[in-house]
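Raw work_5.cif, mmCIF, C-alpha atoms:
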data_coords
#
loop_
_atom_site.group_PDB
_atom_site.id
_atom_site.type_symbol
_atom_site.label_atom_id
_atom_site.label_comp_id
_atom_site.auth_asym_id
_atom_site.auth_seq_id
_atom_site.Cartn_x
_atom_site.Cartn_y
_atom_site.Cartn_z
ATOM 1 C CA MET H 177 0.000 0.000 0.000
ATOM 2 C CA ARG H 178 1.347 3.424 -0.904
ATOM 3 C CA THR H 179 2.573 5.732 1.849
ATOM 4 C CA TYR H 180 0.154 8.562 1.026
ATOM 5 C CA LEU H 181 -2.759 6.125 1.264
ATOM 6 C CA VAL H 182 -1.657 4.974 4.734
ATOM 7 C CA VAL H 183 -1.292 8.589 5.833
ATOM 8 C CA TYR H 184 -4.743 9.388 4.407
ATOM 9 C CA ILE H 185 -6.340 6.463 6.277
ATOM 10 C CA LEU H 186 -4.686 7.463 9.564
ATOM 11 C CA VAL H 187 -5.592 11.145 9.161
ATOM 12 C CA VAL H 188 -9.227 10.277 8.445
ATOM 13 C CA ALA H 189 -9.308 7.969 11.502
ATOM 14 C CA LEU H 190 -7.885 10.754 13.664
ATOM 15 C CA LEU H 191 -10.391 13.250 12.264
ATOM 16 C CA MET H 192 -13.282 10.871 12.998
ATOM 17 C CA ALA H 193 -12.060 10.519 16.599
ATOM 18 C CA LEU H 194 -11.836 14.310 16.856
ATOM 19 C CA ALA H 195 -15.328 14.570 15.369
ATOM 20 C CA TYR H 196 -16.508 12.526 18.360
ATOM 21 C CA ILE H 197 -15.196 15.250 20.703
ATOM 22 C CA VAL H 198 -16.707 18.073 18.649
ATOM 23 C CA LEU H 199 -20.057 16.282 18.368
ATOM 24 C CA SER H 200 -20.091 15.594 22.113
ATOM 25 C CA PHE H 201 -19.813 19.338 22.685
ATOM 26 C CA LEU H 202 -22.335 20.113 19.945
ATOM 27 C CA PHE H 203 -25.034 17.755 21.214
ATOM 28 C CA ALA H 204 -24.515 18.719 24.882
ATOM 29 C CA GLN H 205 -24.618 22.447 24.131
ATOM 30 C CA PHE H 206 -27.503 22.264 21.679
ATOM 31 C CA PHE H 207 -29.832 20.017 23.653
ATOM 32 C CA GLU H 208 -28.888 20.567 27.297
ATOM 33 C CA ASN H 209 -26.825 23.791 27.308
ATOM 34 C CA ARG H 210 -23.940 22.176 29.158
ATOM 35 C CA ARG H 211 -20.437 20.894 28.598
ATOM 36 C CA PRO H 212 -19.893 17.175 28.224
ATOM 37 C CA VAL H 213 -17.868 15.219 30.756
ATOM 38 C CA PHE H 214 -15.290 12.933 29.167
ATOM 39 C CA THR H 215 -14.538 9.605 30.821
ATOM 40 C CA ARG H 216 -12.772 6.356 30.010
ATOM 41 C CA ARG H 217 -15.869 5.409 28.082
ATOM 42 C CA SER H 218 -15.212 8.438 25.860
ATOM 43 C CA LEU H 219 -11.655 7.273 25.171
ATOM 44 C CA TRP H 220 -12.968 3.813 24.345
ATOM 45 C CA SER H 221 -15.502 5.340 21.938
ATOM 46 C CA MET H 222 -12.775 7.366 20.219
ATOM 47 C CA PHE H 223 -10.652 4.239 19.872
ATOM 48 C CA CYS H 224 -13.599 2.255 18.440
ATOM 49 C CA VAL H 225 -14.423 5.044 15.982
ATOM 50 C CA ALA H 226 -10.796 5.289 14.796
ATOM 51 C CA LEU H 227 -10.524 1.506 14.459
ATOM 52 C CA LEU H 228 -13.799 1.273 12.519
ATOM 53 C CA SER H 229 -12.641 4.114 10.280
ATOM 54 C CA ILE H 230 -9.414 2.284 9.466
ATOM 55 C CA GLY H 231 -11.303 -0.961 8.843
ATOM 56 C CA ILE H 232 -13.850 0.696 6.551
ATOM 57 C CA SER H 233 -11.095 2.455 4.612
ATOM 58 C CA LEU H 234 -9.095 -0.731 4.160
ATOM 59 C CA PHE H 235 -12.206 -2.635 3.079
ATOM 60 C CA SER H 236 -13.150 0.073 0.572
ATOM 61 C CA PHE H 237 -9.655 0.420 -0.874
ATOM 62 C CA HIS H 238 -9.403 -3.325 -1.435
ATOM 63 C CA ILE H 239 -12.439 -3.411 -3.700
ATOM 64 C CA ARG H 240 -11.047 -3.852 -7.202
ATOM 65 C CA ASP H 241 -13.522 -1.518 -8.877
ATOM 66 C CA ARG H 242 -12.343 1.912 -7.702
ATOM 67 C CA GLU H 243 -15.741 3.588 -8.249
ATOM 68 C CA LEU H 244 -17.579 0.900 -6.289
ATOM 69 C CA GLY H 245 -14.978 1.104 -3.528
ATOM 70 C CA ASN H 246 -15.494 4.853 -3.364
ATOM 71 C CA ARG H 247 -19.267 4.340 -3.029
ATOM 72 C CA PHE H 248 -18.714 1.939 -0.128
ATOM 73 C CA LEU H 249 -16.232 4.337 1.469
ATOM 74 C CA HIS H 250 -18.761 7.164 1.406
ATOM 75 C CA MET H 251 -21.710 5.001 2.448
ATOM 76 C CA LEU H 252 -19.954 3.191 5.295
ATOM 77 C CA GLY H 253 -17.339 5.757 6.315
ATOM 78 C CA GLY H 254 -19.157 8.947 5.428
ATOM 79 C CA GLY H 255 -22.746 8.091 6.303
ATOM 80 C CA LEU H 256 -22.903 5.086 8.602
ATOM 81 C CA LEU H 257 -19.725 5.715 10.636
ATOM 82 C CA SER H 258 -20.508 9.413 11.076
ATOM 83 C CA PHE H 259 -23.994 8.464 12.263
ATOM 84 C CA TYR H 260 -22.373 6.012 14.690
ATOM 85 C CA VAL H 261 -20.091 8.795 15.965
ATOM 86 C CA CYS H 262 -23.205 10.862 16.699
ATOM 87 C CA TYR H 263 -24.731 7.901 18.547
ATOM 88 C CA ARG H 264 -21.619 7.372 20.696
ATOM 89 C CA ALA H 265 -21.357 11.102 21.462
ATOM 90 C CA VAL H 266 -24.983 11.267 22.626
ATOM 91 C CA ARG H 267 -24.803 7.998 24.565
ATOM 92 C CA ASP H 268 -21.513 8.776 26.307
ATOM 93 C CA THR H 269 -22.604 12.261 27.393
ATOM 94 C CA ASN H 270 -25.914 10.940 28.787
ATOM 95 C CA ILE H 271 -28.097 13.175 26.657
ATOM 96 C CA VAL H 272 -31.690 12.017 26.460
ATOM 97 C CA LEU H 273 -33.223 12.440 23.014
ATOM 98 C CA ARG H 274 -36.244 10.944 21.374
ATOM 99 C CA PRO H 275 -35.241 8.683 18.468
ATOM 100 C CA PHE H 276 -36.741 11.044 15.891
ATOM 101 C CA GLN H 277 -34.855 14.033 17.355
ATOM 102 C CA PHE H 278 -31.637 12.070 17.222
ATOM 103 C CA PHE H 279 -32.234 10.874 13.655
ATOM 104 C CA VAL H 280 -33.017 14.347 12.278
ATOM 105 C CA PHE H 281 -30.191 16.166 14.056
ATOM 106 C CA SER H 282 -27.645 13.428 13.334
ATOM 107 C CA GLY H 283 -28.757 13.312 9.703
ATOM 108 C CA LEU H 284 -28.156 17.041 9.387
ATOM 109 C CA VAL H 285 -24.749 16.781 11.062
ATOM 110 C CA VAL H 286 -23.669 13.855 8.866
ATOM 111 C CA THR H 287 -24.878 15.671 5.747
ATOM 112 C CA ALA H 288 -22.823 18.709 6.764
ATOM 113 C CA LEU H 289 -19.764 16.494 7.259
ATOM 114 C CA GLY H 290 -20.305 14.987 3.799
ATOM 115 C CA VAL H 291 -20.529 18.423 2.202
ATOM 116 C CA ALA H 292 -17.393 19.545 4.079
ATOM 117 C CA ASN H 293 -15.586 16.463 2.757
ATOM 118 C CA GLU H 294 -16.592 17.292 -0.825
ATOM 119 C CA ILE H 295 -15.390 20.881 -0.398
ATOM 120 C CA LEU H 296 -12.066 19.548 0.917
ATOM 121 C CA GLU H 297 -11.809 17.218 -2.087
ATOM 122 C CA PHE H 298 -12.456 20.217 -4.375
ATOM 123 C CA ILE H 299 -9.724 22.278 -2.684
ATOM 124 C CA LEU H 300 -7.200 19.440 -2.829
ATOM 125 C CA GLN H 301 -8.061 18.706 -6.449
ATOM 126 C CA HIS H 302 -7.860 22.284 -7.703
ATOM 127 C CA PHE H 303 -5.031 23.702 -5.636
ATOM 128 C CA ILE H 304 -2.799 20.719 -4.898
ATOM 129 C CA HIS H 305 -3.757 18.898 -8.104
ATOM 130 C CA TYR H 306 -4.547 15.599 -6.377
ATOM 131 C CA LEU H 307 -7.177 13.986 -8.575
ATOM 132 C CA PHE H 308 -10.150 12.555 -6.667
ATOM 133 C CA ALA H 309 -12.645 12.413 -9.529
ATOM 134 C CA SER H 310 -12.749 13.095 -13.213
ATOM 135 C CA SER H 311 -16.159 14.819 -13.157
ATOM 136 C CA VAL H 312 -18.617 16.551 -10.871
ATOM 137 C CA THR H 313 -20.859 13.480 -11.066
ATOM 138 C CA ASP H 314 -18.603 11.862 -8.452
ATOM 139 C CA THR H 315 -19.604 14.568 -5.962
ATOM 140 C CA TRP H 316 -23.284 13.754 -6.393
ATOM 141 C CA LEU H 317 -22.624 10.036 -6.144
ATOM 142 C CA ASP H 318 -20.574 10.618 -2.957
ATOM 143 C CA LEU H 319 -23.346 12.677 -1.360
ATOM 144 C CA SER H 320 -25.929 10.088 -2.418
ATOM 145 C CA SER H 321 -23.792 7.341 -0.873
ATOM 146 C CA ASN H 322 -23.539 9.367 2.350
ATOM 147 C CA THR H 323 -27.327 9.696 2.382
ATOM 148 C CA ILE H 324 -27.756 5.937 1.977
ATOM 149 C CA GLY H 325 -25.358 5.485 4.920
ATOM 150 C CA ILE H 326 -27.455 7.898 6.995
ATOM 151 C CA PHE H 327 -30.616 5.904 6.296
ATOM 152 C CA VAL H 328 -28.868 2.605 7.038
ATOM 153 C CA GLY H 329 -27.581 4.073 10.316
ATOM 154 C CA GLY H 330 -31.011 5.482 11.135
ATOM 155 C CA THR H 331 -32.692 2.161 10.431
ATOM 156 C CA LEU H 332 -30.216 0.324 12.653
ATOM 157 C CA TYR H 333 -30.724 2.949 15.365
ATOM 158 C CA PHE H 334 -34.528 2.648 15.245
ATOM 159 C CA LEU H 335 -34.245 -1.156 15.363
ATOM 160 C CA TYR H 336 -31.934 -0.828 18.366
ATOM 161 C CA CYS H 337 -34.416 1.496 20.101
ATOM 162 C CA ALA H 338 -37.254 -0.943 19.431
ATOM 163 C CA TYR H 339 -35.132 -3.804 20.804
ATOM 164 C CA GLN H 340 -34.393 -1.782 23.968
ATOM 165 C CA ARG H 341 -38.124 -1.255 24.573
ATOM 166 C CA TRP H 342 -38.794 -4.999 24.400
ATOM 167 C CA GLU H 343 -36.172 -5.851 27.035
#

Could you render the structure as structure tokens?
Amino acid sequence: MRTYLVVYILVVALLMALAYIVLSFLFAQFFENRRPVFTRRSLWSMFCVALLSIGISLFSFHIRDRELGNRFLHMLGGGLLSFYVCYRAVRDTNIVLRPFQFFVFSGLVVTALGVANEILEFILQHFIHYLFASSVTDTWLDLSSNTIGIFVGGTLYFLYCAYQRWE
């Protein structure tokens, strides 16, 4: 595996772990007007998020069809993993939200992260000349893949909530 790819995977994993911290503050401030308290559970969540990010990246980069791999990267890493980061941030900071509140707010946050990623790709492509995509269609496919990941994450979250009620 090329060095720049390893660096990219590690940087993305670190950024996802940092997103956990930012989202913990965001959810706590927005819903309960307080600062979150970080514990060992928070460190464990950051580790899990970084490890999942690395795993998703490696899985996606090993798909032979580069376009299909990119779709999986955006669906699993962009949509589903970002949704999972929101879940861990809310759970670890003991914020009580109704499932619909969580789904809508997390969906908006994950969409914003996807758009920020596409803007970063644009900047890197046009100013550093690192080619991510040959056309703008890739941007729309990436955002669509993120949206699918959001709905997969939301479905899993609603199923989890339903399971918790039955216990």

| query | Taking all atoms listed in the file into account, which of H:Val272, H:Leu181, H:Val285, H:Ala204 comes nearest Leu234 (chain H)? | reply |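 Of all the options, H:Leu181 lies closest to Leu234 (chain H).
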
| Point-to-point distance in Å for CA of Gly254 (chain H) and CA of Asn293 (chain H) |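 So the answer is 8.7 Å.
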
| request: Find the residue from H:Ile185, H:Leu256, H:Val261, H:Val266 that sits nearest to Pro212 (chain H); use all atoms listed in the file when measuring. | output: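 Going through H:Ile185, H:Leu256, H:Val261, H:Val266 one by one, the smallest distance to Pro212 (chain H) is for H:Val266.
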
| note | Judged by all atoms listed in the file, the minimum distance to Val188 (chain H) among H:Phe278, H:Ser311, H:Arg211, H:Gly231 is found for H:Gly231

| task | Could you tell me which residues the PyMOL selection byres ((chain H and resi 223) around 12) grabs in this file, written as number ranges by chain? | result | H: 189-194, 196-197, 216-222, 224-230, 261, 264

Could you give me the axis-aligned bounding box of region 286-305 of chain H, with 6 Å of padding per side, as centre plus edge lengths in Å to one decimal, as JSON?
{"center_x": -13.8, "center_y": 18.8, "center_z": 0.4, "size_x": 34.1, "size_y": 21.8, "size_z": 29.0}

| Rounded to one decimal in Å, what is the spacing between CA of Ile295 (chain H) and CA of Thr315 (chain H)? |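 It comes out at 9.4 Å.
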
Quick one: residues within 12 Å of Trp316 (chain H), all atoms listed in the file, excluding same-chain residues fewer than 3 positions away - as a compact mmCIF listing (two decimals) with C-alpha atoms, keeping the file's coordinate frame?
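Output saved as part-v4.txt:
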# COMPACT_ATOMS: atom_id res chain seq x y z
CA ARG H 247 -19.27 4.34 -3.03
CA HIS H 250 -18.76 7.16 1.41
CA GLY H 290 -20.30 14.99 3.80
CA VAL H 291 -20.53 18.42 2.20
CA GLU H 294 -16.59 17.29 -0.82
CA ALA H 309 -12.64 12.41 -9.53
CA SER H 311 -16.16 14.82 -13.16
CA VAL H 312 -18.62 16.55 -10.87
CA THR H 313 -20.86 13.48 -11.07
CA LEU H 319 -23.35 12.68 -1.36
CA SER H 320 -25.93 10.09 -2.42
CA SER H 321 -23.79 7.34 -0.87
CA ASN H 322 -23.54 9.37 2.35
CA THR H 323 -27.33 9.70 2.38

| Selection: 12 Å around Ser310 (chain H), all atoms listed in the file, excl. self and same-chain fewer than 6 positions, as a PyMOL selection string | chain H and resi 243+297-298+301-302

Might you pull out every residue within 10 Å of Val213 (chain H), with only C-alpha atoms counted and same-chain residues fewer than 5 positions away left off, and present them as a PDB file with C-alpha atoms, in the coordinates of the input?
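Below is the file result.pdb, written as the result:
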ATOM      1  CA  SER H 200     -20.091  15.594  22.113  1.00  0.00           C
ATOM      2  CA  PHE H 201     -19.813  19.338  22.685  1.00  0.00           C
ATOM      3  CA  ALA H 204     -24.515  18.719  24.882  1.00  0.00           C
ATOM      4  CA  SER H 218     -15.212   8.438  25.860  1.00  0.00           C
ATOM      5  CA  ASP H 268     -21.513   8.776  26.307  1.00  0.00           C
ATOM      6  CA  THR H 269     -22.604  12.261  27.393  1.00  0.00           C
ATOM      7  CA  ASN H 270     -25.914  10.940  28.787  1.00  0.00           C
TER       8      ASN H 270
END

| Nearest to Val286 (chain H), chosen from H:Leu252, H:Cys262, H:Leu332, H:Ala338, with all atoms listed in the file counted in the distances |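 Closest to Val286 (chain H) of all the choices is H:Cys262.
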
Output region 317-333 of chain H as a short mmCIF file (atom, residue, chain, number, x, y, z; two decimals), in the frame of the given file, making sure N, CA, C and O atoms are there.
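And here's selection_9.cif as it stands now:
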data_model
loop_
_atom_site.label_atom_id
_atom_site.label_comp_id
_atom_site.auth_asym_id
_atom_site.auth_seq_id
_atom_site.Cartn_x
_atom_site.Cartn_y
_atom_site.Cartn_z
N LEU H 317 -22.61 11.44 -6.56
CA LEU H 317 -22.62 10.04 -6.14
C LEU H 317 -22.12 9.88 -4.71
O LEU H 317 -22.66 9.08 -3.93
N ASP H 318 -21.08 10.65 -4.33
CA ASP H 318 -20.57 10.62 -2.96
C ASP H 318 -21.64 11.06 -1.97
O ASP H 318 -21.86 10.42 -0.94
N LEU H 319 -22.31 12.17 -2.27
CA LEU H 319 -23.35 12.68 -1.36
C LEU H 319 -24.53 11.72 -1.30
O LEU H 319 -25.14 11.53 -0.23
N SER H 320 -24.86 11.09 -2.42
CA SER H 320 -25.93 10.09 -2.42
C SER H 320 -25.53 8.88 -1.57
O SER H 320 -26.36 8.34 -0.82
N SER H 321 -24.28 8.46 -1.68
CA SER H 321 -23.79 7.34 -0.87
C SER H 321 -23.83 7.69 0.61
O SER H 321 -24.20 6.85 1.45
N ASN H 322 -23.45 8.92 0.95
CA ASN H 322 -23.54 9.37 2.35
C ASN H 322 -24.98 9.28 2.84
O ASN H 322 -25.24 8.85 3.96
N THR H 323 -25.92 9.71 2.00
CA THR H 323 -27.33 9.70 2.38
C THR H 323 -27.81 8.27 2.62
O THR H 323 -28.55 8.01 3.58
N ILE H 324 -27.39 7.35 1.77
CA ILE H 324 -27.76 5.94 1.98
C ILE H 324 -27.20 5.46 3.32
O ILE H 324 -27.89 4.79 4.09
N GLY H 325 -25.96 5.84 3.63
CA GLY H 325 -25.36 5.48 4.92
C GLY H 325 -26.13 6.06 6.09
O GLY H 325 -26.29 5.41 7.13
N ILE H 326 -26.64 7.28 5.94
CA ILE H 326 -27.46 7.90 7.00
C ILE H 326 -28.72 7.07 7.22
O ILE H 326 -29.09 6.78 8.37
N PHE H 327 -29.38 6.68 6.15
CA PHE H 327 -30.62 5.90 6.30
C PHE H 327 -30.35 4.50 6.84
O PHE H 327 -31.15 3.98 7.62
N VAL H 328 -29.23 3.90 6.46
CA VAL H 328 -28.87 2.60 7.04
C VAL H 328 -28.61 2.77 8.54
O VAL H 328 -29.11 2.00 9.36
N GLY H 329 -27.85 3.80 8.90
CA GLY H 329 -27.58 4.07 10.32
C GLY H 329 -28.86 4.37 11.08
O GLY H 329 -29.05 3.89 12.20
N GLY H 330 -29.74 5.16 10.48
CA GLY H 330 -31.01 5.48 11.14
C GLY H 330 -31.87 4.25 11.33
O GLY H 330 -32.50 4.07 12.39
N THR H 331 -31.91 3.40 10.33
CA THR H 331 -32.69 2.16 10.43
C THR H 331 -32.14 1.28 11.55
O THR H 331 -32.91 0.75 12.37
N LEU H 332 -30.83 1.12 11.58
CA LEU H 332 -30.22 0.32 12.65
C LEU H 332 -30.50 0.94 14.02
O LEU H 332 -30.76 0.23 15.00
N TYR H 333 -30.45 2.26 14.09
CA TYR H 333 -30.72 2.95 15.36
C TYR H 333 -32.17 2.73 15.81
O TYR H 333 -32.43 2.42 16.97
#
